Structures are given as C-alpha cells and as structure tokens.
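J.: File target34.txt below, compact mmCIF, N, CA and C atoms:
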# COMPACT_ATOMS: atom_id res chain seq x y z
N GLN A 1 -12.18 33.04 -1.03
CA GLN A 1 -12.46 31.66 -1.39
C GLN A 1 -11.24 31.01 -2.02
N VAL A 2 -11.07 29.74 -1.73
CA VAL A 2 -9.98 28.96 -2.31
C VAL A 2 -10.60 27.78 -3.05
N GLN A 3 -10.17 27.57 -4.27
CA GLN A 3 -10.62 26.42 -5.03
C GLN A 3 -9.48 25.41 -5.12
N LEU A 4 -9.82 24.15 -4.90
CA LEU A 4 -8.82 23.07 -4.95
C LEU A 4 -9.24 22.08 -6.02
N VAL A 5 -8.32 21.76 -6.91
CA VAL A 5 -8.61 20.82 -7.98
C VAL A 5 -7.60 19.68 -7.91
N GLU A 6 -8.13 18.47 -7.70
CA GLU A 6 -7.28 17.28 -7.61
C GLU A 6 -7.23 16.55 -8.94
N SER A 7 -6.18 15.78 -9.12
CA SER A 7 -6.07 14.90 -10.28
C SER A 7 -5.12 13.78 -9.94
N GLY A 8 -5.18 12.71 -10.75
CA GLY A 8 -4.21 11.64 -10.61
C GLY A 8 -4.72 10.35 -10.01
N GLY A 9 -5.98 10.29 -9.62
CA GLY A 9 -6.50 9.04 -9.08
C GLY A 9 -6.64 8.00 -10.17
N GLY A 10 -7.01 6.78 -9.76
CA GLY A 10 -7.20 5.73 -10.74
C GLY A 10 -7.21 4.37 -10.11
N LEU A 11 -7.10 3.36 -10.95
CA LEU A 11 -7.10 1.96 -10.53
C LEU A 11 -5.69 1.41 -10.68
N VAL A 12 -5.22 0.75 -9.64
CA VAL A 12 -3.87 0.19 -9.67
C VAL A 12 -3.87 -1.13 -8.91
N GLN A 13 -2.98 -2.02 -9.27
CA GLN A 13 -2.85 -3.27 -8.55
C GLN A 13 -2.04 -3.07 -7.28
N ALA A 14 -2.27 -3.94 -6.32
CA ALA A 14 -1.52 -3.88 -5.06
C ALA A 14 -0.02 -3.93 -5.37
N GLY A 15 0.72 -3.08 -4.65
CA GLY A 15 2.15 -2.96 -4.89
C GLY A 15 2.51 -1.87 -5.87
N GLY A 16 1.52 -1.33 -6.56
CA GLY A 16 1.76 -0.30 -7.56
C GLY A 16 1.84 1.09 -6.95
N SER A 17 1.94 2.07 -7.83
CA SER A 17 2.11 3.46 -7.41
C SER A 17 1.14 4.37 -8.15
N LEU A 18 0.81 5.47 -7.50
CA LEU A 18 0.03 6.55 -8.11
C LEU A 18 0.55 7.87 -7.57
N ARG A 19 0.35 8.93 -8.35
CA ARG A 19 0.72 10.26 -7.90
C ARG A 19 -0.48 11.18 -8.05
N LEU A 20 -0.87 11.77 -6.93
CA LEU A 20 -1.98 12.73 -6.92
C LEU A 20 -1.43 14.15 -6.94
N SER A 21 -2.20 15.03 -7.56
CA SER A 21 -1.85 16.44 -7.59
C SER A 21 -3.04 17.27 -7.14
N CYS A 22 -2.75 18.40 -6.55
CA CYS A 22 -3.80 19.32 -6.14
C CYS A 22 -3.28 20.74 -6.28
N ARG A 23 -4.03 21.55 -6.99
CA ARG A 23 -3.64 22.95 -7.17
C ARG A 23 -4.67 23.86 -6.55
N ALA A 24 -4.21 24.82 -5.78
CA ALA A 24 -5.09 25.80 -5.15
C ALA A 24 -5.11 27.07 -5.98
N SER A 25 -6.28 27.65 -6.12
CA SER A 25 -6.42 28.92 -6.81
C SER A 25 -7.42 29.78 -6.05
N GLY A 26 -7.47 31.03 -6.43
CA GLY A 26 -8.37 31.93 -5.74
C GLY A 26 -7.61 32.73 -4.71
N ARG A 27 -8.21 32.90 -3.54
CA ARG A 27 -7.62 33.70 -2.48
C ARG A 27 -6.51 32.91 -1.80
N ALA A 28 -5.29 33.07 -2.29
CA ALA A 28 -4.18 32.29 -1.77
C ALA A 28 -3.55 32.92 -0.54
N PHE A 29 -3.86 34.18 -0.25
CA PHE A 29 -3.23 34.84 0.89
C PHE A 29 -3.52 34.07 2.16
N GLY A 30 -2.46 33.86 2.94
CA GLY A 30 -2.65 33.18 4.20
C GLY A 30 -2.82 31.69 4.08
N ASN A 31 -2.45 31.12 2.92
CA ASN A 31 -2.49 29.67 2.77
C ASN A 31 -1.41 29.09 3.66
N TYR A 32 -1.81 28.43 4.70
CA TYR A 32 -0.89 27.99 5.75
C TYR A 32 -0.34 26.60 5.49
N ALA A 33 -1.19 25.70 5.04
CA ALA A 33 -0.77 24.32 4.80
C ALA A 33 -1.73 23.67 3.82
N MET A 34 -1.24 22.66 3.14
CA MET A 34 -2.09 21.86 2.27
C MET A 34 -1.77 20.40 2.49
N GLY A 35 -2.75 19.57 2.24
CA GLY A 35 -2.53 18.16 2.47
C GLY A 35 -3.63 17.31 1.90
N TRP A 36 -3.67 16.06 2.39
CA TRP A 36 -4.60 15.07 1.86
C TRP A 36 -5.29 14.31 2.98
N PHE A 37 -6.56 14.05 2.76
CA PHE A 37 -7.34 13.16 3.60
C PHE A 37 -7.92 12.09 2.66
N ARG A 38 -8.43 11.03 3.24
CA ARG A 38 -9.08 10.00 2.43
C ARG A 38 -10.27 9.43 3.18
N GLN A 39 -11.19 8.90 2.39
CA GLN A 39 -12.38 8.29 2.98
C GLN A 39 -12.69 7.01 2.24
N ALA A 40 -12.64 5.91 2.98
CA ALA A 40 -12.98 4.61 2.43
C ALA A 40 -14.48 4.39 2.58
N PRO A 41 -15.07 3.52 1.78
CA PRO A 41 -16.51 3.26 1.87
C PRO A 41 -16.90 2.84 3.28
N GLY A 42 -17.89 3.51 3.84
CA GLY A 42 -18.39 3.16 5.15
C GLY A 42 -17.53 3.61 6.31
N LYS A 43 -16.50 4.40 6.03
CA LYS A 43 -15.60 4.85 7.08
C LYS A 43 -15.54 6.37 7.14
N GLU A 44 -15.01 6.87 8.26
CA GLU A 44 -14.84 8.30 8.42
C GLU A 44 -13.67 8.80 7.56
N ARG A 45 -13.73 10.06 7.23
CA ARG A 45 -12.61 10.67 6.53
C ARG A 45 -11.41 10.73 7.48
N GLU A 46 -10.24 10.38 6.98
CA GLU A 46 -9.07 10.34 7.84
C GLU A 46 -7.90 11.11 7.23
N PHE A 47 -7.07 11.62 8.11
CA PHE A 47 -5.90 12.37 7.69
C PHE A 47 -4.87 11.44 7.04
N VAL A 48 -4.22 11.94 6.00
CA VAL A 48 -3.18 11.16 5.32
C VAL A 48 -1.83 11.86 5.42
N ALA A 49 -1.75 13.10 4.97
CA ALA A 49 -0.47 13.81 4.96
C ALA A 49 -0.71 15.30 4.83
N ARG A 50 0.28 16.09 5.31
CA ARG A 50 0.16 17.54 5.25
C ARG A 50 1.54 18.16 5.03
N LEU A 51 1.56 19.25 4.30
CA LEU A 51 2.77 20.04 4.06
C LEU A 51 2.52 21.46 4.56
N ARG A 52 3.41 21.93 5.44
CA ARG A 52 3.31 23.28 5.96
C ARG A 52 4.21 24.17 5.12
N TRP A 53 3.64 25.24 4.54
CA TRP A 53 4.39 26.03 3.59
C TRP A 53 5.53 26.81 4.24
N SER A 54 5.36 27.27 5.47
CA SER A 54 6.33 28.18 6.07
C SER A 54 7.69 27.55 6.26
N ASN A 55 7.72 26.28 6.60
CA ASN A 55 9.01 25.64 6.88
C ASN A 55 9.19 24.30 6.17
N GLY A 56 8.23 23.94 5.34
CA GLY A 56 8.35 22.68 4.61
C GLY A 56 8.11 21.44 5.44
N GLU A 57 7.62 21.64 6.65
CA GLU A 57 7.39 20.49 7.54
C GLU A 57 6.30 19.58 6.96
N THR A 58 6.57 18.29 6.99
CA THR A 58 5.59 17.31 6.53
C THR A 58 5.15 16.42 7.67
N THR A 59 3.89 16.02 7.63
CA THR A 59 3.31 15.14 8.64
C THR A 59 2.55 14.04 7.93
N TYR A 60 2.65 12.82 8.46
CA TYR A 60 1.99 11.67 7.83
C TYR A 60 1.21 10.86 8.87
N ALA A 61 0.16 10.22 8.40
CA ALA A 61 -0.51 9.22 9.21
C ALA A 61 0.42 8.01 9.31
N ASP A 62 0.34 7.33 10.44
CA ASP A 62 1.21 6.16 10.64
C ASP A 62 1.01 5.11 9.55
N SER A 63 -0.22 4.99 9.07
CA SER A 63 -0.53 3.94 8.10
C SER A 63 0.12 4.15 6.74
N VAL A 64 0.61 5.37 6.47
CA VAL A 64 1.18 5.63 5.15
C VAL A 64 2.66 6.03 5.21
N LYS A 65 3.19 6.17 6.42
CA LYS A 65 4.61 6.52 6.53
C LYS A 65 5.46 5.49 5.80
N GLU A 66 6.53 5.93 5.22
CA GLU A 66 7.47 5.08 4.47
C GLU A 66 6.95 4.69 3.10
N ARG A 67 5.66 4.91 2.84
CA ARG A 67 5.10 4.56 1.53
C ARG A 67 4.66 5.78 0.74
N TYR A 68 4.20 6.82 1.42
CA TYR A 68 3.69 8.03 0.77
C TYR A 68 4.67 9.16 1.00
N THR A 69 4.74 10.06 0.01
CA THR A 69 5.55 11.26 0.15
C THR A 69 4.75 12.46 -0.36
N ILE A 70 4.64 13.48 0.49
CA ILE A 70 3.97 14.70 0.08
C ILE A 70 5.03 15.74 -0.27
N SER A 71 4.80 16.47 -1.34
CA SER A 71 5.71 17.54 -1.74
C SER A 71 4.87 18.67 -2.32
N GLY A 72 5.53 19.81 -2.55
CA GLY A 72 4.74 20.93 -3.04
C GLY A 72 5.56 21.95 -3.77
N GLU A 73 4.88 22.80 -4.50
CA GLU A 73 5.50 23.91 -5.22
C GLU A 73 4.91 25.21 -4.68
N TYR A 74 5.81 26.06 -4.17
CA TYR A 74 5.42 27.37 -3.68
C TYR A 74 6.04 28.40 -4.59
N PRO A 75 5.40 29.47 -5.04
CA PRO A 75 4.07 29.89 -4.58
C PRO A 75 2.92 29.45 -5.47
N ARG A 76 3.10 28.37 -6.21
CA ARG A 76 1.99 27.89 -7.04
C ARG A 76 0.91 27.20 -6.21
N TYR A 77 1.23 26.96 -4.92
CA TYR A 77 0.27 26.29 -4.03
C TYR A 77 -0.26 25.01 -4.68
N THR A 78 0.67 24.19 -5.11
CA THR A 78 0.35 22.89 -5.66
C THR A 78 1.04 21.82 -4.81
N VAL A 79 0.29 20.82 -4.43
CA VAL A 79 0.87 19.73 -3.66
C VAL A 79 0.72 18.43 -4.43
N TYR A 80 1.64 17.53 -4.16
CA TYR A 80 1.65 16.22 -4.79
C TYR A 80 1.70 15.15 -3.69
N LEU A 81 1.10 14.03 -3.98
CA LEU A 81 1.16 12.90 -3.07
C LEU A 81 1.62 11.69 -3.88
N GLN A 82 2.87 11.30 -3.66
CA GLN A 82 3.40 10.11 -4.31
C GLN A 82 3.09 8.93 -3.42
N MET A 83 2.34 7.97 -3.96
CA MET A 83 1.89 6.82 -3.19
C MET A 83 2.53 5.57 -3.79
N ASN A 84 3.36 4.92 -2.99
CA ASN A 84 4.04 3.70 -3.43
C ASN A 84 3.57 2.51 -2.59
N SER A 85 3.87 1.33 -3.09
CA SER A 85 3.52 0.09 -2.37
C SER A 85 2.06 0.12 -1.92
N LEU A 86 1.19 0.47 -2.83
CA LEU A 86 -0.22 0.61 -2.49
C LEU A 86 -0.83 -0.72 -2.09
N GLU A 87 -1.76 -0.63 -1.14
CA GLU A 87 -2.44 -1.80 -0.59
C GLU A 87 -3.95 -1.61 -0.80
N PRO A 88 -4.70 -2.71 -0.82
CA PRO A 88 -6.16 -2.58 -0.96
C PRO A 88 -6.78 -1.66 0.08
N ASP A 89 -6.22 -1.63 1.28
CA ASP A 89 -6.75 -0.74 2.34
C ASP A 89 -6.53 0.74 2.03
N ASP A 90 -5.74 1.05 1.03
CA ASP A 90 -5.54 2.44 0.64
C ASP A 90 -6.67 2.94 -0.27
N THR A 91 -7.55 2.05 -0.65
CA THR A 91 -8.67 2.42 -1.51
C THR A 91 -9.58 3.43 -0.84
N GLY A 92 -9.99 4.43 -1.61
CA GLY A 92 -10.91 5.43 -1.10
C GLY A 92 -10.89 6.67 -1.97
N VAL A 93 -11.68 7.64 -1.55
CA VAL A 93 -11.67 8.94 -2.21
C VAL A 93 -10.67 9.81 -1.46
N TYR A 94 -9.75 10.36 -2.20
CA TYR A 94 -8.71 11.21 -1.62
C TYR A 94 -9.08 12.67 -1.84
N TYR A 95 -9.10 13.42 -0.74
CA TYR A 95 -9.50 14.81 -0.77
C TYR A 95 -8.32 15.71 -0.47
N CYS A 96 -8.16 16.72 -1.28
CA CYS A 96 -7.16 17.74 -1.01
C CYS A 96 -7.73 18.72 0.01
N ASN A 97 -6.87 19.18 0.90
CA ASN A 97 -7.27 20.09 1.97
C ASN A 97 -6.31 21.27 2.03
N ALA A 98 -6.84 22.45 2.26
CA ALA A 98 -6.01 23.63 2.47
C ALA A 98 -6.48 24.34 3.73
N ILE A 99 -5.54 24.79 4.52
CA ILE A 99 -5.83 25.56 5.72
C ILE A 99 -5.29 26.96 5.50
N VAL A 100 -6.18 27.94 5.67
CA VAL A 100 -5.76 29.32 5.45
C VAL A 100 -5.85 30.08 6.77
N ALA A 101 -5.50 31.34 6.71
CA ALA A 101 -5.50 32.18 7.90
C ALA A 101 -6.84 32.09 8.62
N GLY A 102 -6.76 32.00 9.94
CA GLY A 102 -7.97 31.88 10.73
C GLY A 102 -8.40 30.44 10.93
N GLY A 103 -7.60 29.52 10.40
CA GLY A 103 -7.93 28.11 10.57
C GLY A 103 -9.06 27.63 9.71
N VAL A 104 -9.38 28.36 8.67
CA VAL A 104 -10.46 27.95 7.77
C VAL A 104 -9.95 26.83 6.85
N ASN A 105 -10.75 25.80 6.73
CA ASN A 105 -10.43 24.65 5.88
C ASN A 105 -11.19 24.71 4.57
N TYR A 106 -10.50 24.38 3.49
CA TYR A 106 -11.13 24.21 2.19
C TYR A 106 -10.86 22.79 1.71
N TRP A 107 -11.80 22.29 0.90
CA TRP A 107 -11.71 20.92 0.42
C TRP A 107 -11.89 20.86 -1.09
N GLY A 108 -11.18 19.91 -1.70
CA GLY A 108 -11.44 19.61 -3.09
C GLY A 108 -12.60 18.65 -3.20
N LYS A 109 -12.97 18.32 -4.43
CA LYS A 109 -14.11 17.42 -4.64
C LYS A 109 -13.72 15.97 -4.47
N GLY A 110 -12.44 15.68 -4.48
CA GLY A 110 -11.97 14.32 -4.28
C GLY A 110 -11.64 13.60 -5.56
N THR A 111 -10.73 12.64 -5.43
CA THR A 111 -10.35 11.80 -6.57
C THR A 111 -10.29 10.35 -6.09
N GLN A 112 -10.84 9.45 -6.86
CA GLN A 112 -10.95 8.06 -6.46
C GLN A 112 -9.64 7.32 -6.69
N VAL A 113 -9.23 6.59 -5.65
CA VAL A 113 -8.08 5.69 -5.75
C VAL A 113 -8.59 4.29 -5.42
N THR A 114 -8.37 3.36 -6.32
CA THR A 114 -8.80 1.98 -6.12
C THR A 114 -7.60 1.07 -6.29
N VAL A 115 -7.34 0.27 -5.26
CA VAL A 115 -6.21 -0.66 -5.29
C VAL A 115 -6.78 -2.08 -5.30
N SER A 116 -6.51 -2.81 -6.33
CA SER A 116 -7.02 -4.18 -6.43
C SER A 116 -6.01 -5.16 -5.88
N SER A 117 -6.52 -6.25 -5.32
CA SER A 117 -5.62 -7.26 -4.71
C SER A 117 -5.22 -8.30 -5.73
If you convert what's in this file into structure tokens, what do you get?
T.:
Amino acid sequence: QVQLVESGGGLVQAGGSLRLSCRASGRAFGNYAMGWFRQAPGKEREFVARLRWSNGETTYADSVKERYTISGEYPRYTVYLQMNSLEPDDTGVYYCNAIVAGGVNYWGKGTQVTVSS
C-alpha cells in the first residue's frame, strides 16, 4: 500500500501562485511516477502533470504548460506542483497520483484550489 498526503491548496486571486506538495509513504518499492490530476465541479478528473522518477521526465497537460512546474525529491518520493499565473478555470480539487509496479494507481484525498476572478 502507498499513502499519499497532499498539502498547499487554498484560495488565491487570478494571476497569483500556489505550490502543492505530495509525499508518498508506505510501500515505495516500484514507485514509477508521481503526478497531479484535478477535478472541477461537474467535470471529469483530468490529468495535470507527471514526473517519472527513472529519468526525471515531466509531462504536462496543454492547459497548464508554461504556467505549472512539477518537481520532486527522490528517494523521499515527494512531488511539488508550482502553479503560476493561476486562472479561475484552474479551480478544482487537485489529487496526487502515484503509479507503482504493475501499473497500480494510488490517489491522495485531494486538496482544494480556488482561484477568484
């Protein structure tokens, strides 16, 4: 089992910044990648960003490229999401995700990000 604990959400005005953190604990063996998804009210959960531990490769959704940066600390299995130039459409619950050996996904409980216009 892998436990994911997120922190750093909050309320910010449009144009502002927030930094999310997520730390994985428990069975860390085979932790392949960690990243972030988000879910806005009434919408499906969507991919935001991912960090692959083996080579440091990062992947972003088109909607957040140039504004968000994912980084991480290995072997602490902690990832960060620096979010700049936030827009009201970035509002939602942000979920930390970890992929371990066998393609098993784990999820955090989520942290609320609210961007006011």
J.: What lies within 6.5 Å of Ser85 (chain A) using only N, CA and C atoms, ignoring chain neighbours under 4 positions off, as a count of residues only?
T.: 5
J.: Could you check how far atom C of Tyr32 (chain A) sits from atom C of Gly10 (chain A), in Å to one decimal?
T.: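 For atom C of Tyr32 (chain A) relative to atom C of Gly10 (chain A), the distance reads 28.0 Å.
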J.: Would you return as an NGL selection string the members of region 5-108 of chain A that DSSP assigns to strand (DSSP E or B) on this structure's backbone?
T.: :A and (5-7 or 10-13 or 18-26 or 31-39 or 46-52 or 58-60 or 68-73 or 78-83 or 92-100 or 104-107)
J.: Report, in Å to a single decimal, how far apart atom N of Gln1 (chain A) and CA of Val48 (chain A) are.
T.: 24.5 Å
J.: I'd like to know which of A:Phe47, A:Trp107, A:Trp53, A:Tyr94 is closest to Asn31 (chain A), using all atoms listed in the file.
T.: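 The closest residue to Asn31 (chain A) is A:Trp53.
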J.: What is the distance, in Å and to one decimal place, between atom C of Ala24 (chain A) and CA of Arg38 (chain A)?
T.: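 Interatomic distance, atom C of Ala24 (chain A) to CA of Arg38 (chain A): 19.4 Å.
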J.: Would you mind listing what lies within 12 Å of Lys43 (chain A) as a VMD selection string, with only C-alpha atoms counted and same-chain residues fewer than 6 positions away left out?
T.: chain A and resid 89 91 to 93
J.: Can you work out which one of A:Lys109, A:Arg19, A:Arg76, A:Arg50 has the shortest atom-to-atom distance to Ala33 (chain A), counting only N, CA and C atoms?
T.: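 Checking each candidate against Ala33 (chain A), we get A:Arg50 as the closest.
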J.: Neighbours of Ser25 (chain A) within 9 Å (only C-alpha atoms; same-chain residues fewer than 6 positions away dropped), as a ChimeraX atom specification?
T.: /A:1-5,76-77
J.: Which one of A:Thr59, A:Gln39, A:Thr69, A:Gln82 sits closest to Leu18 (chain A) if you count only N, CA and C atoms?
T.: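 Among A:Thr59, A:Gln39, A:Thr69, A:Gln82, it is A:Gln82 that comes nearest to Leu18 (chain A).
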J.: Please provide the set of residues having any atom within 7 Å of Tyr68 (chain A), restricted to all atoms listed in the file, with same-chain residues fewer than 6 positions apart removed, written as a PDB file with N, CA and C atoms, in the coordinates of the input.
T.:
ATOM      1  N   LEU A  81       1.100  14.030  -3.980  1.00  0.00           N
ATOM      2  CA  LEU A  81       1.160  12.900  -3.070  1.00  0.00           C
ATOM      3  C   LEU A  81       1.620  11.690  -3.880  1.00  0.00           C
ATOM      4  N   GLN A  82       2.870  11.300  -3.660  1.00  0.00           N
ATOM      5  CA  GLN A  82       3.400  10.110  -4.310  1.00  0.00           C
ATOM      6  C   GLN A  82       3.090   8.930  -3.420  1.00  0.00           C
ATOM      7  N   MET A  83       2.340   7.970  -3.960  1.00  0.00           N
ATOM      8  CA  MET A  83       1.890   6.820  -3.190  1.00  0.00           C
ATOM      9  C   MET A  83       2.530   5.570  -3.790  1.00  0.00           C
ATOM     10  N   ASN A  84       3.360   4.920  -2.990  1.00  0.00           N
ATOM     11  CA  ASN A  84       4.040   3.700  -3.430  1.00  0.00           C
ATOM     12  C   ASN A  84       3.570   2.510  -2.590  1.00  0.00           C
TER      13      ASN A  84
END
J.: Let's see if you can do this: from backbone DSSP, list all helix (DSSP H, G or I) residues in chain A, as a list of chain:residue names.
T.: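 Secondary structure check on chain A, helix (DSSP H, G or I): A:Pro88, A:Asp89, A:Asp90, A:Ala101, A:Gly102, A:Gly103.
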J.: With N, CA and C atoms retained, export the selected residues as a compact mmCIF listing (two decimals), in the coordinates of the input.
T.:
# COMPACT_ATOMS: atom_id res chain seq x y z
N PRO A 88 -4.70 -2.71 -0.82
CA PRO A 88 -6.16 -2.58 -0.96
C PRO A 88 -6.78 -1.66 0.08
N ASP A 89 -6.22 -1.63 1.28
CA ASP A 89 -6.75 -0.74 2.34
C ASP A 89 -6.53 0.74 2.03
N ASP A 90 -5.74 1.05 1.03
CA ASP A 90 -5.54 2.44 0.64
C ASP A 90 -6.67 2.94 -0.27
N ALA A 101 -5.50 31.34 6.71
CA ALA A 101 -5.50 32.18 7.90
C ALA A 101 -6.84 32.09 8.62
N GLY A 102 -6.76 32.00 9.94
CA GLY A 102 -7.97 31.88 10.73
C GLY A 102 -8.40 30.44 10.93
N GLY A 103 -7.60 29.52 10.40
CA GLY A 103 -7.93 28.11 10.57
C GLY A 103 -9.06 27.63 9.71
J.: Between A:Arg23, A:Asp62, A:Tyr74, A:Glu6, which one has atoms that come closest to Gly110 (chain A), using only N, CA and C atoms?
T.: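 Under the stated criterion, the closest residue is A:Glu6.
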J.: Output as JSON the centre and edge lengths (Å, one decimal) of the box along x, y and z of the file that holds every listed atom of region 68-86 of chain A after adding 4 Å on each side.
T.:
{"center_x": 2.6, "center_y": 14.6, "center_z": -2.8, "size_x": 14.9, "size_y": 38.6, "size_z": 16.5}
J.: Determine the nearest neighbour of Pro88 (chain A) from the options A:Arg45, A:Ser117, A:Val100, A:Leu20, counting all atoms listed in the file.
T.: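 Between A:Arg45, A:Ser117, A:Val100, A:Leu20, the residue approaching Pro88 (chain A) most closely is A:Ser117.
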J.: Taking N, CA, C and O atoms as the atom set, what does region 53-74 of chain A look like once completed, written as a short mmCIF file (atom, residue, chain, number, x, y, z; two decimals), in the coordinates of the input?
T.:
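Dumped everything to rebuild.cif:
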data_model
loop_
_atom_site.label_atom_id
_atom_site.label_comp_id
_atom_site.auth_asym_id
_atom_site.auth_seq_id
_atom_site.Cartn_x
_atom_site.Cartn_y
_atom_site.Cartn_z
N TRP A 53 3.64 25.24 4.54
CA TRP A 53 4.39 26.03 3.59
C TRP A 53 5.53 26.81 4.24
O TRP A 53 6.59 27.00 3.63
N SER A 54 5.36 27.27 5.47
CA SER A 54 6.33 28.18 6.07
C SER A 54 7.69 27.55 6.26
O SER A 54 8.73 28.20 6.08
N ASN A 55 7.72 26.28 6.60
CA ASN A 55 9.01 25.64 6.88
C ASN A 55 9.19 24.30 6.17
O ASN A 55 10.18 23.61 6.40
N GLY A 56 8.23 23.94 5.34
CA GLY A 56 8.35 22.68 4.61
C GLY A 56 8.11 21.44 5.44
O GLY A 56 8.34 20.32 4.98
N GLU A 57 7.62 21.64 6.65
CA GLU A 57 7.39 20.49 7.54
C GLU A 57 6.30 19.58 6.96
O GLU A 57 5.27 20.05 6.49
N THR A 58 6.57 18.29 6.99
CA THR A 58 5.59 17.31 6.53
C THR A 58 5.15 16.42 7.67
O THR A 58 5.93 16.10 8.57
N THR A 59 3.89 16.02 7.63
CA THR A 59 3.31 15.14 8.64
C THR A 59 2.55 14.04 7.93
O THR A 59 1.87 14.30 6.93
N TYR A 60 2.65 12.82 8.46
CA TYR A 60 1.99 11.67 7.83
C TYR A 60 1.21 10.86 8.87
O TYR A 60 1.59 10.78 10.04
N ALA A 61 0.16 10.22 8.40
CA ALA A 61 -0.51 9.22 9.21
C ALA A 61 0.42 8.01 9.31
O ALA A 61 1.17 7.70 8.38
N ASP A 62 0.34 7.33 10.44
CA ASP A 62 1.21 6.16 10.64
C ASP A 62 1.01 5.11 9.55
O ASP A 62 1.95 4.42 9.16
N SER A 63 -0.22 4.99 9.07
CA SER A 63 -0.53 3.94 8.10
C SER A 63 0.12 4.15 6.74
O SER A 63 0.19 3.21 5.94
N VAL A 64 0.61 5.37 6.47
CA VAL A 64 1.18 5.63 5.15
C VAL A 64 2.66 6.03 5.21
O VAL A 64 3.30 6.20 4.16
N LYS A 65 3.19 6.17 6.42
CA LYS A 65 4.61 6.52 6.53
C LYS A 65 5.46 5.49 5.80
O LYS A 65 5.17 4.32 5.82
N GLU A 66 6.53 5.93 5.22
CA GLU A 66 7.47 5.08 4.47
C GLU A 66 6.95 4.69 3.10
O GLU A 66 7.70 4.16 2.29
N ARG A 67 5.66 4.91 2.84
CA ARG A 67 5.10 4.56 1.53
C ARG A 67 4.66 5.78 0.74
O ARG A 67 4.71 5.77 -0.50
N TYR A 68 4.20 6.82 1.42
CA TYR A 68 3.69 8.03 0.77
C TYR A 68 4.67 9.16 1.00
O TYR A 68 5.31 9.26 2.05
N THR A 69 4.74 10.06 0.01
CA THR A 69 5.55 11.26 0.15
C THR A 69 4.75 12.46 -0.36
O THR A 69 4.26 12.44 -1.50
N ILE A 70 4.64 13.48 0.49
CA ILE A 70 3.97 14.70 0.08
C ILE A 70 5.03 15.74 -0.27
O ILE A 70 6.06 15.85 0.41
N SER A 71 4.80 16.47 -1.34
CA SER A 71 5.71 17.54 -1.74
C SER A 71 4.87 18.67 -2.32
O SER A 71 3.67 18.51 -2.54
N GLY A 72 5.53 19.81 -2.55
CA GLY A 72 4.74 20.93 -3.04
C GLY A 72 5.56 21.95 -3.77
O GLY A 72 6.80 21.96 -3.71
N GLU A 73 4.88 22.80 -4.50
CA GLU A 73 5.50 23.91 -5.22
C GLU A 73 4.91 25.21 -4.68
O GLU A 73 3.70 25.41 -4.72
N TYR A 74 5.81 26.06 -4.17
CA TYR A 74 5.42 27.37 -3.68
C TYR A 74 6.04 28.40 -4.59
O TYR A 74 7.24 28.28 -4.91
#
